[in-house]
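Structure file input13.pdb (PDB, C-alpha atoms) follows.
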ATOM      1  CA  MET O   1     167.683  20.154  54.781
ATOM      2  CA  TRP O   2     170.625  18.520  53.052
ATOM      3  CA  GLN O   3     173.568  20.863  52.504
ATOM      4  CA  GLU O   4     176.022  20.408  49.655
ATOM      5  CA  GLU O   5     179.588  21.372  50.545
ATOM      6  CA  ASP O   6     183.046  19.981  49.834
ATOM      7  CA  ASN O   7     181.578  17.681  47.130
ATOM      8  CA  LYS O   8     179.318  16.002  49.697
ATOM      9  CA  LEU O   9     175.658  16.079  50.675
ATOM     10  CA  LYS O  10     175.557  16.477  54.462
ATOM     11  CA  LYS O  11     172.826  16.181  57.050
ATOM     12  CA  SER O  12     172.433  15.235  60.714
ATOM     13  CA  PHE O  13     169.422  13.651  62.365
ATOM     14  CA  SER O  14     168.614  13.709  66.088
ATOM     15  CA  PHE O  15     166.579  11.169  68.034
ATOM     16  CA  LYS O  16     165.191  10.627  71.508
ATOM     17  CA  ASP O  17     167.964   8.190  72.459
ATOM     18  CA  PHE O  18     170.541   5.741  71.135
ATOM     19  CA  ARG O  19     168.042   2.933  70.569
ATOM     20  CA  GLU O  20     165.895   5.151  68.322
ATOM     21  CA  ALA O  21     168.970   6.309  66.390
ATOM     22  CA  PHE O  22     170.146   2.733  65.922
ATOM     23  CA  THR O  23     166.717   1.599  64.719
ATOM     24  CA  PHE O  24     166.856   4.372  62.113
ATOM     25  CA  MET O  25     170.337   3.265  61.061
ATOM     26  CA  ASN O  26     169.132  -0.315  60.582
ATOM     27  CA  LYS O  27     166.296   0.862  58.337
ATOM     28  CA  VAL O  28     168.697   3.002  56.315
ATOM     29  CA  ALA O  29     171.096   0.040  56.028
ATOM     30  CA  ASP O  30     168.412  -1.968  54.216
ATOM     31  CA  VAL O  31     167.973   0.795  51.615
ATOM     32  CA  VAL O  32     171.733   1.292  51.280
ATOM     33  CA  ASN O  33     172.180  -2.392  50.470
ATOM     34  CA  GLU O  34     169.317  -2.350  47.963
ATOM     35  CA  MET O  35     170.835   0.680  46.212
ATOM     36  CA  ASP O  36     174.401  -0.657  46.552
ATOM     37  CA  HIS O  37     175.399   2.865  47.527
ATOM     38  CA  HIS O  38     177.179   3.030  50.866
ATOM     39  CA  PRO O  39     177.451   6.360  52.698
ATOM     40  CA  PHE O  40     179.932   7.695  55.173
ATOM     41  CA  TRP O  41     177.939   8.016  58.369
ATOM     42  CA  THR O  42     178.588   8.422  62.062
ATOM     43  CA  ASN O  43     176.568   7.881  65.187
ATOM     44  CA  MET O  44     177.083   9.514  68.553
ATOM     45  CA  TYR O  45     174.421   8.535  71.084
ATOM     46  CA  ASN O  46     171.221  10.071  69.630
ATOM     47  CA  LYS O  47     172.707  11.745  66.541
ATOM     48  CA  VAL O  48     173.325  10.222  63.090
ATOM     49  CA  THR O  49     175.299  12.241  60.541
ATOM     50  CA  PHE O  50     175.654  11.478  56.821
ATOM     51  CA  GLU O  51     178.080  12.604  54.143
ATOM     52  CA  LEU O  52     177.073  11.369  50.707
ATOM     53  CA  ASN O  53     179.083  11.337  47.494
ATOM     54  CA  THR O  54     179.796   8.819  44.755
ATOM     55  CA  HIS O  55     183.250   7.293  44.850
ATOM     56  CA  ASP O  56     182.940   5.778  41.354
ATOM     57  CA  ALA O  57     182.292   9.260  39.929
ATOM     58  CA  GLY O  58     185.383  10.798  41.519
ATOM     59  CA  ASP O  59     183.969  11.577  44.982
ATOM     60  CA  VAL O  60     181.407  14.107  43.804
ATOM     61  CA  VAL O  61     177.677  14.408  44.413
ATOM     62  CA  THR O  62     175.590  12.591  41.809
ATOM     63  CA  GLU O  63     171.931  11.750  41.257
ATOM     64  CA  LYS O  64     172.556   8.522  43.168
ATOM     65  CA  ASP O  65     173.384  10.597  46.258
ATOM     66  CA  HIS O  66     170.233  12.686  45.874
ATOM     67  CA  GLN O  67     168.174   9.496  45.574
ATOM     68  CA  LEU O  68     169.732   8.076  48.734
ATOM     69  CA  ALA O  69     169.211  11.378  50.577
ATOM     70  CA  ALA O  70     165.526  11.327  49.614
ATOM     71  CA  ALA O  71     165.198   7.730  50.801
ATOM     72  CA  ILE O  72     166.861   8.614  54.140
ATOM     73  CA  ASP O  73     164.440  11.521  54.584
ATOM     74  CA  ARG O  74     161.461   9.221  53.880
ATOM     75  CA  ILE O  75     162.670   6.780  56.545
ATOM     76  CA  TYR O  76     163.178   9.577  59.064
ATOM     77  CA  ASN O  77     159.736  11.070  58.383
ATOM     78  CA  ALA O  78     157.873   7.734  58.416
TER      79      ALA O  78
END

Entire entry expressed as structure tokens:
Amino acid sequence: MWQEEDNKLKKSFSFKDFREAFTFMNKVADVVNEMDHHPFWTNMYNKVTFELNTHDAGDVVTEKDHQLAAAIDRIYNA
């Protein structure tokens, strides 16, 4: 479940290994480019962590962030 704190939507995803995590990141990258909404994200081996907020709105969580979070969840659950 996404958690909202410090004006960010946050969530981490775990995978079997680095290759699986990186495949997920590539799929998310396609959606990010389509939406033109680029998240702060990190990857450490099999874990990908996101922090979403909208810079143009003053670094707060907006509907755009919720839409991206939903898209990320759909990719993860596919």

Residue neighbourhood segment 29-43 of chain O, 8 Å, all atoms listed in the file, exclusion window fewer than 6 positions, as number ranges by chain: O: 21, 49-54, 64, 68, 71

Interatomic distance, atom CA of Asp6 of chain O to atom CA of Val48 of chain O (Å, one decimal): 19.1 Å

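The result of the PyMOL selection byres ((chain O and resi 3-5) around 12) on the shown file is Met1, Trp2, Asp6, Asn7, Lys8, Leu9, Lys10, Lys11, Ser12, Thr49, Phe50, Glu51, Leu52, Asn53, Val60, Val61, Thr62, Asp65, His66 and Ala69 of chain O.
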
Ground truth for the PyMOL selection byres ((chain O and resi 17-19) around 12), written as JSON, numbers by chain: {"O": [13, 14, 15, 16, 20, 21, 22, 23, 24, 25, 26, 43, 44, 45, 46, 47, 48]}

Using the selection just defined, write its residues with C-alpha atoms as a CSV table (one decimal), keeping the file's coordinate frame.
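What landed in selection09.csv:
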chain,number,residue,atom,x,y,z
O,13,PHE,CA,169.4,13.7,62.4
O,14,SER,CA,168.6,13.7,66.1
O,15,PHE,CA,166.6,11.2,68.0
O,16,LYS,CA,165.2,10.6,71.5
O,20,GLU,CA,165.9,5.2,68.3
O,21,ALA,CA,169.0,6.3,66.4
O,22,PHE,CA,170.1,2.7,65.9
O,23,THR,CA,166.7,1.6,64.7
O,24,PHE,CA,166.9,4.4,62.1
O,25,MET,CA,170.3,3.3,61.1
O,26,ASN,CA,169.1,-0.3,60.6
O,43,ASN,CA,176.6,7.9,65.2
O,44,MET,CA,177.1,9.5,68.6
O,45,TYR,CA,174.4,8.5,71.1
O,46,ASN,CA,171.2,10.1,69.6
O,47,LYS,CA,172.7,11.7,66.5
O,48,VAL,CA,173.3,10.2,63.1

Work out where the centre of an axis-aligned box around every listed atom of segment 37-43 of chain O lies and how long its edges are once 4 Å is added on each side; give both in Å to one decimal as lines of an AutoDock Vina configuration file.
center_x = 177.7
center_y = 5.6
center_z = 56.4
size_x = 12.5
size_y = 13.6
size_z = 25.7
